[in-house]
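Engineer: Input work06.cif, format and content: mmCIF, N, CA and C atoms.
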```cif
data_work
#
loop_
_atom_site.label_atom_id
_atom_site.label_comp_id
_atom_site.auth_asym_id
_atom_site.auth_seq_id
_atom_site.Cartn_x
_atom_site.Cartn_y
_atom_site.Cartn_z
N MET B 1 -21.12 17.64 -7.78
CA MET B 1 -19.95 17.06 -7.16
C MET B 1 -18.78 18.05 -7.22
N SER B 2 -18.04 18.15 -6.16
CA SER B 2 -16.93 19.10 -6.15
C SER B 2 -15.63 18.39 -6.48
N ASP B 3 -14.71 19.15 -7.05
CA ASP B 3 -13.38 18.61 -7.34
C ASP B 3 -12.49 18.83 -6.13
N HIS B 4 -11.77 17.80 -5.75
CA HIS B 4 -10.86 17.90 -4.63
C HIS B 4 -9.45 18.11 -5.14
N SER B 5 -8.72 18.97 -4.49
CA SER B 5 -7.35 19.24 -4.93
C SER B 5 -6.33 18.39 -4.19
N HIS B 6 -6.77 17.53 -3.29
CA HIS B 6 -5.84 16.69 -2.55
C HIS B 6 -6.27 15.23 -2.71
N PRO B 7 -5.31 14.30 -2.65
CA PRO B 7 -5.66 12.89 -2.82
C PRO B 7 -6.43 12.36 -1.63
N HIS B 8 -7.23 11.37 -1.89
CA HIS B 8 -7.98 10.69 -0.84
C HIS B 8 -7.02 9.86 0.00
N ASN B 9 -7.33 9.66 1.28
CA ASN B 9 -6.49 8.81 2.12
C ASN B 9 -6.39 7.43 1.50
N GLY B 10 -5.20 6.88 1.47
CA GLY B 10 -4.99 5.58 0.87
C GLY B 10 -4.55 5.65 -0.57
N ARG B 11 -4.50 6.83 -1.14
CA ARG B 11 -4.05 6.99 -2.52
C ARG B 11 -2.73 7.74 -2.53
N ASP B 12 -1.92 7.46 -3.55
CA ASP B 12 -0.69 8.21 -3.69
C ASP B 12 -1.00 9.54 -4.38
N LEU B 13 0.02 10.31 -4.70
CA LEU B 13 -0.19 11.63 -5.29
C LEU B 13 -0.79 11.56 -6.68
N HIS B 14 -0.70 10.43 -7.35
CA HIS B 14 -1.25 10.27 -8.69
C HIS B 14 -2.68 9.77 -8.66
N GLY B 15 -3.24 9.55 -7.47
CA GLY B 15 -4.61 9.11 -7.34
C GLY B 15 -4.80 7.61 -7.40
N LYS B 16 -3.70 6.88 -7.44
CA LYS B 16 -3.79 5.42 -7.51
C LYS B 16 -3.73 4.84 -6.11
N TYR B 17 -4.50 3.78 -5.91
CA TYR B 17 -4.48 3.10 -4.63
C TYR B 17 -3.21 2.26 -4.52
N GLY B 18 -2.80 2.03 -3.30
CA GLY B 18 -1.68 1.14 -3.09
C GLY B 18 -0.62 1.73 -2.20
N VAL B 19 0.18 0.84 -1.69
CA VAL B 19 1.25 1.22 -0.79
C VAL B 19 2.54 0.71 -1.42
N PRO B 20 3.61 1.50 -1.38
CA PRO B 20 4.87 1.00 -1.92
C PRO B 20 5.32 -0.25 -1.18
N LYS B 21 5.88 -1.19 -1.92
CA LYS B 21 6.35 -2.44 -1.33
C LYS B 21 7.86 -2.51 -1.43
N GLY B 22 8.49 -3.09 -0.42
CA GLY B 22 9.93 -3.24 -0.44
C GLY B 22 10.44 -3.77 0.88
N ASP B 23 11.69 -4.21 0.87
CA ASP B 23 12.33 -4.70 2.08
C ASP B 23 12.84 -3.49 2.85
N VAL B 24 12.24 -3.21 3.99
CA VAL B 24 12.57 -2.02 4.75
C VAL B 24 14.02 -2.04 5.22
N GLU B 25 14.53 -3.22 5.61
CA GLU B 25 15.92 -3.30 6.05
C GLU B 25 16.88 -2.89 4.91
N ASP B 26 16.60 -3.35 3.70
CA ASP B 26 17.44 -2.97 2.56
C ASP B 26 17.33 -1.49 2.27
N LEU B 27 16.13 -0.95 2.38
CA LEU B 27 15.95 0.48 2.13
C LEU B 27 16.73 1.32 3.13
N LEU B 28 16.73 0.91 4.39
CA LEU B 28 17.42 1.70 5.41
C LEU B 28 18.94 1.57 5.33
N GLU B 29 19.45 0.50 4.71
CA GLU B 29 20.90 0.36 4.54
C GLU B 29 21.43 1.29 3.46
N ASP B 30 20.60 1.66 2.51
CA ASP B 30 20.98 2.57 1.43
C ASP B 30 21.20 3.97 2.01
N PRO B 31 22.23 4.71 1.56
CA PRO B 31 22.47 6.05 2.11
C PRO B 31 21.27 6.99 1.96
N GLU B 32 20.53 6.88 0.87
CA GLU B 32 19.34 7.71 0.67
C GLU B 32 18.08 7.00 1.15
N GLY B 33 18.20 5.84 1.74
CA GLY B 33 17.06 5.01 2.11
C GLY B 33 16.15 5.65 3.12
N ALA B 34 16.71 6.26 4.15
CA ALA B 34 15.87 6.87 5.18
C ALA B 34 14.99 7.97 4.59
N GLU B 35 15.54 8.73 3.68
CA GLU B 35 14.78 9.80 3.03
C GLU B 35 13.68 9.22 2.14
N ARG B 36 13.97 8.12 1.44
CA ARG B 36 12.97 7.47 0.60
C ARG B 36 11.83 6.90 1.44
N VAL B 37 12.18 6.30 2.58
CA VAL B 37 11.15 5.77 3.48
C VAL B 37 10.29 6.91 3.99
N ARG B 38 10.91 8.00 4.38
CA ARG B 38 10.18 9.17 4.88
C ARG B 38 9.23 9.71 3.81
N ASP B 39 9.69 9.80 2.56
CA ASP B 39 8.85 10.30 1.48
C ASP B 39 7.68 9.36 1.20
N ASN B 40 7.94 8.05 1.21
CA ASN B 40 6.87 7.08 0.97
C ASN B 40 5.80 7.15 2.05
N ILE B 41 6.22 7.36 3.28
CA ILE B 41 5.25 7.45 4.37
C ILE B 41 4.45 8.75 4.25
N LYS B 42 5.09 9.83 3.81
CA LYS B 42 4.37 11.08 3.63
C LYS B 42 3.32 10.96 2.54
N THR B 43 3.66 10.32 1.43
CA THR B 43 2.73 10.27 0.30
C THR B 43 1.71 9.15 0.43
N ALA B 44 2.13 7.96 0.84
CA ALA B 44 1.22 6.82 0.86
C ALA B 44 0.77 6.44 2.26
N GLY B 45 1.47 6.87 3.28
CA GLY B 45 1.08 6.58 4.65
C GLY B 45 1.76 5.37 5.25
N ALA B 46 2.42 4.55 4.41
CA ALA B 46 3.06 3.34 4.93
C ALA B 46 3.94 2.73 3.85
N ILE B 47 4.68 1.71 4.24
CA ILE B 47 5.45 0.88 3.32
C ILE B 47 5.15 -0.56 3.68
N ALA B 48 4.81 -1.36 2.69
CA ALA B 48 4.57 -2.78 2.93
C ALA B 48 5.92 -3.49 2.93
N ASP B 49 6.32 -4.01 4.09
CA ASP B 49 7.60 -4.70 4.20
C ASP B 49 7.46 -6.10 3.62
N THR B 50 8.22 -6.37 2.57
CA THR B 50 8.16 -7.67 1.90
C THR B 50 9.43 -8.48 2.11
N GLY B 51 10.26 -8.06 3.02
CA GLY B 51 11.53 -8.73 3.26
C GLY B 51 11.36 -10.07 3.96
N PRO B 52 12.45 -10.84 4.03
CA PRO B 52 12.37 -12.17 4.65
C PRO B 52 12.08 -12.14 6.14
N HIS B 53 12.35 -11.05 6.80
CA HIS B 53 12.12 -10.95 8.25
C HIS B 53 10.95 -10.03 8.58
N ALA B 54 10.05 -9.84 7.65
CA ALA B 54 8.94 -8.89 7.83
C ALA B 54 7.97 -9.31 8.92
N ALA B 55 7.82 -10.61 9.16
CA ALA B 55 6.81 -11.08 10.13
C ALA B 55 7.34 -11.15 11.56
N GLU B 56 8.63 -10.94 11.76
CA GLU B 56 9.19 -11.06 13.11
C GLU B 56 8.58 -10.09 14.12
N PRO B 57 8.38 -8.82 13.80
CA PRO B 57 7.74 -7.93 14.78
C PRO B 57 6.33 -8.39 15.15
N ALA B 58 5.57 -8.90 14.19
CA ALA B 58 4.21 -9.38 14.48
C ALA B 58 4.26 -10.59 15.40
N ARG B 59 5.22 -11.49 15.20
CA ARG B 59 5.36 -12.65 16.08
C ARG B 59 5.68 -12.21 17.51
N HIS B 60 6.58 -11.23 17.62
CA HIS B 60 6.97 -10.73 18.94
C HIS B 60 5.76 -10.08 19.64
N ILE B 61 4.98 -9.32 18.91
CA ILE B 61 3.80 -8.68 19.49
C ILE B 61 2.80 -9.74 19.95
N THR B 62 2.63 -10.80 19.16
CA THR B 62 1.73 -11.89 19.55
C THR B 62 2.20 -12.55 20.84
N GLU B 63 3.52 -12.77 20.97
CA GLU B 63 4.06 -13.35 22.20
C GLU B 63 3.81 -12.43 23.40
N LEU B 64 4.00 -11.12 23.20
CA LEU B 64 3.77 -10.18 24.29
C LEU B 64 2.30 -10.16 24.72
N ILE B 65 1.39 -10.23 23.76
CA ILE B 65 -0.04 -10.26 24.08
C ILE B 65 -0.38 -11.51 24.88
N THR B 66 0.16 -12.66 24.46
CA THR B 66 -0.11 -13.92 25.17
C THR B 66 0.44 -13.88 26.58
N GLU B 67 1.67 -13.38 26.74
CA GLU B 67 2.26 -13.28 28.08
C GLU B 67 1.45 -12.34 28.96
N ASN B 68 1.02 -11.22 28.39
CA ASN B 68 0.24 -10.26 29.16
C ASN B 68 -1.10 -10.87 29.59
N ARG B 69 -1.75 -11.60 28.69
CA ARG B 69 -3.01 -12.25 29.02
C ARG B 69 -2.82 -13.24 30.17
N ASP B 70 -1.73 -14.01 30.11
CA ASP B 70 -1.45 -14.97 31.18
C ASP B 70 -1.18 -14.26 32.51
N ASP B 71 -0.38 -13.18 32.46
CA ASP B 71 -0.08 -12.42 33.68
C ASP B 71 -1.33 -11.82 34.29
N VAL B 72 -2.18 -11.24 33.47
CA VAL B 72 -3.41 -10.63 33.98
C VAL B 72 -4.31 -11.70 34.56
N GLY B 73 -4.38 -12.85 33.91
CA GLY B 73 -5.19 -13.95 34.42
C GLY B 73 -4.72 -14.43 35.78
N ARG B 74 -3.40 -14.51 35.98
CA ARG B 74 -2.86 -14.94 37.28
C ARG B 74 -3.13 -13.88 38.35
N VAL B 75 -2.94 -12.63 38.03
CA VAL B 75 -3.13 -11.57 39.02
C VAL B 75 -4.59 -11.44 39.42
N THR B 76 -5.48 -11.57 38.49
CA THR B 76 -6.91 -11.42 38.78
C THR B 76 -7.54 -12.70 39.31
N GLY B 77 -6.82 -13.80 39.28
CA GLY B 77 -7.34 -15.06 39.78
C GLY B 77 -8.19 -15.83 38.80
N ARG B 78 -8.22 -15.42 37.56
CA ARG B 78 -9.04 -16.11 36.56
C ARG B 78 -8.41 -17.42 36.12
N THR B 79 -7.09 -17.47 36.13
CA THR B 79 -6.40 -18.73 35.77
C THR B 79 -5.49 -19.13 36.93
N LYS B 80 -5.24 -20.41 37.00
CA LYS B 80 -4.35 -20.90 38.04
C LYS B 80 -2.98 -21.17 37.44
N LYS B 81 -1.95 -21.13 38.29
CA LYS B 81 -0.58 -21.36 37.84
C LYS B 81 -0.41 -22.70 37.24
#
```
Will you turn the file into structure tokens for me?

Structural biologist:
Amino acid sequence: MSDHSHPHNGRDLHGKYGVPKGDVEDLLEDPEGAERVRDNIKTAGAIADTGPHAAEPARHITELITENRDDVGRVTGRTKK
């Protein structure tokens, strides 16, 4: 088995699994917040948003998918108005 000098995808620099958790809106309001977010994304690949409004983008994307499905159905004739 060979030793790897770089962390596996999904691990931080210490070799531990996990993604930093925090309220992204609060992090970005901090003067050093943008830099901290950038560093977390470089090392861990993401930040788990745990804030009170974390699910809003997912809800919006779900609405867009539903609207698009309805529009495509009307244009292709699969569904009626």

Engineer: Using only C-alpha atoms, what table do you get, as a tab-separated table, when you list each residue of stretch 18-39 of chain B with an atom no more than 12 Å from stretch 53-72 of chain B, its nearest pair of atoms, and their distance in Å rounded to one decimal, rows by chain then rising number?

Structural biologist:
```
residue	atom	partner	partner_atom	distance
B:Lys21	CA	B:Ala54	CA	11.5
B:Gly22	CA	B:Ala54	CA	10.1
B:Asp23	CA	B:Ala54	CA	7.9
B:Val24	CA	B:Ala54	CA	8.4
B:Glu25	CA	B:His53	CA	8.8
B:Asp26	CA	B:His53	CA	11.2
```

Engineer: Hey, can you check how far atom C of B:Pro20 sits from atom C of B:Gly33?

Structural biologist: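 According to the coordinates, atom C of B:Pro20 and atom C of B:Gly33 are separated by 13.1 Å.
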
Engineer: For the atom pair atom N of B:Leu28 and atom C of B:Pro52, what is the interatomic distance in Å to one decimal place?

Structural biologist: 14.0 Å

Engineer: If you run DSSP on this backbone, which residues of stretch 14-52 of chain B come out as strand (DSSP E or B), and could you give them as a list of chain:residue names?

Structural biologist: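 Result set for stretch 14-52 of chain B (strand (DSSP E or B)): B:Tyr17, B:Lys21, B:Gly22, B:Ala48, B:Asp49.
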
Engineer: Using the selection just defined, write its residues with N, CA and C atoms as a PDB file, in the coordinates of the input.

Structural biologist:
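Below is the file that was written, result_30.pdb:
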```pdb
ATOM      1  N   TYR B  17      -4.500   3.780  -5.910  1.00  0.00           N
ATOM      2  CA  TYR B  17      -4.480   3.100  -4.630  1.00  0.00           C
ATOM      3  C   TYR B  17      -3.210   2.260  -4.520  1.00  0.00           C
ATOM      4  N   LYS B  21       5.880  -1.190  -1.920  1.00  0.00           N
ATOM      5  CA  LYS B  21       6.350  -2.440  -1.330  1.00  0.00           C
ATOM      6  C   LYS B  21       7.860  -2.510  -1.430  1.00  0.00           C
ATOM      7  N   GLY B  22       8.490  -3.090  -0.420  1.00  0.00           N
ATOM      8  CA  GLY B  22       9.930  -3.240  -0.440  1.00  0.00           C
ATOM      9  C   GLY B  22      10.440  -3.770   0.880  1.00  0.00           C
ATOM     10  N   ALA B  48       4.810  -1.360   2.690  1.00  0.00           N
ATOM     11  CA  ALA B  48       4.570  -2.780   2.930  1.00  0.00           C
ATOM     12  C   ALA B  48       5.920  -3.490   2.930  1.00  0.00           C
ATOM     13  N   ASP B  49       6.320  -4.010   4.090  1.00  0.00           N
ATOM     14  CA  ASP B  49       7.600  -4.700   4.200  1.00  0.00           C
ATOM     15  C   ASP B  49       7.460  -6.100   3.620  1.00  0.00           C
TER      16      ASP B  49
END
```
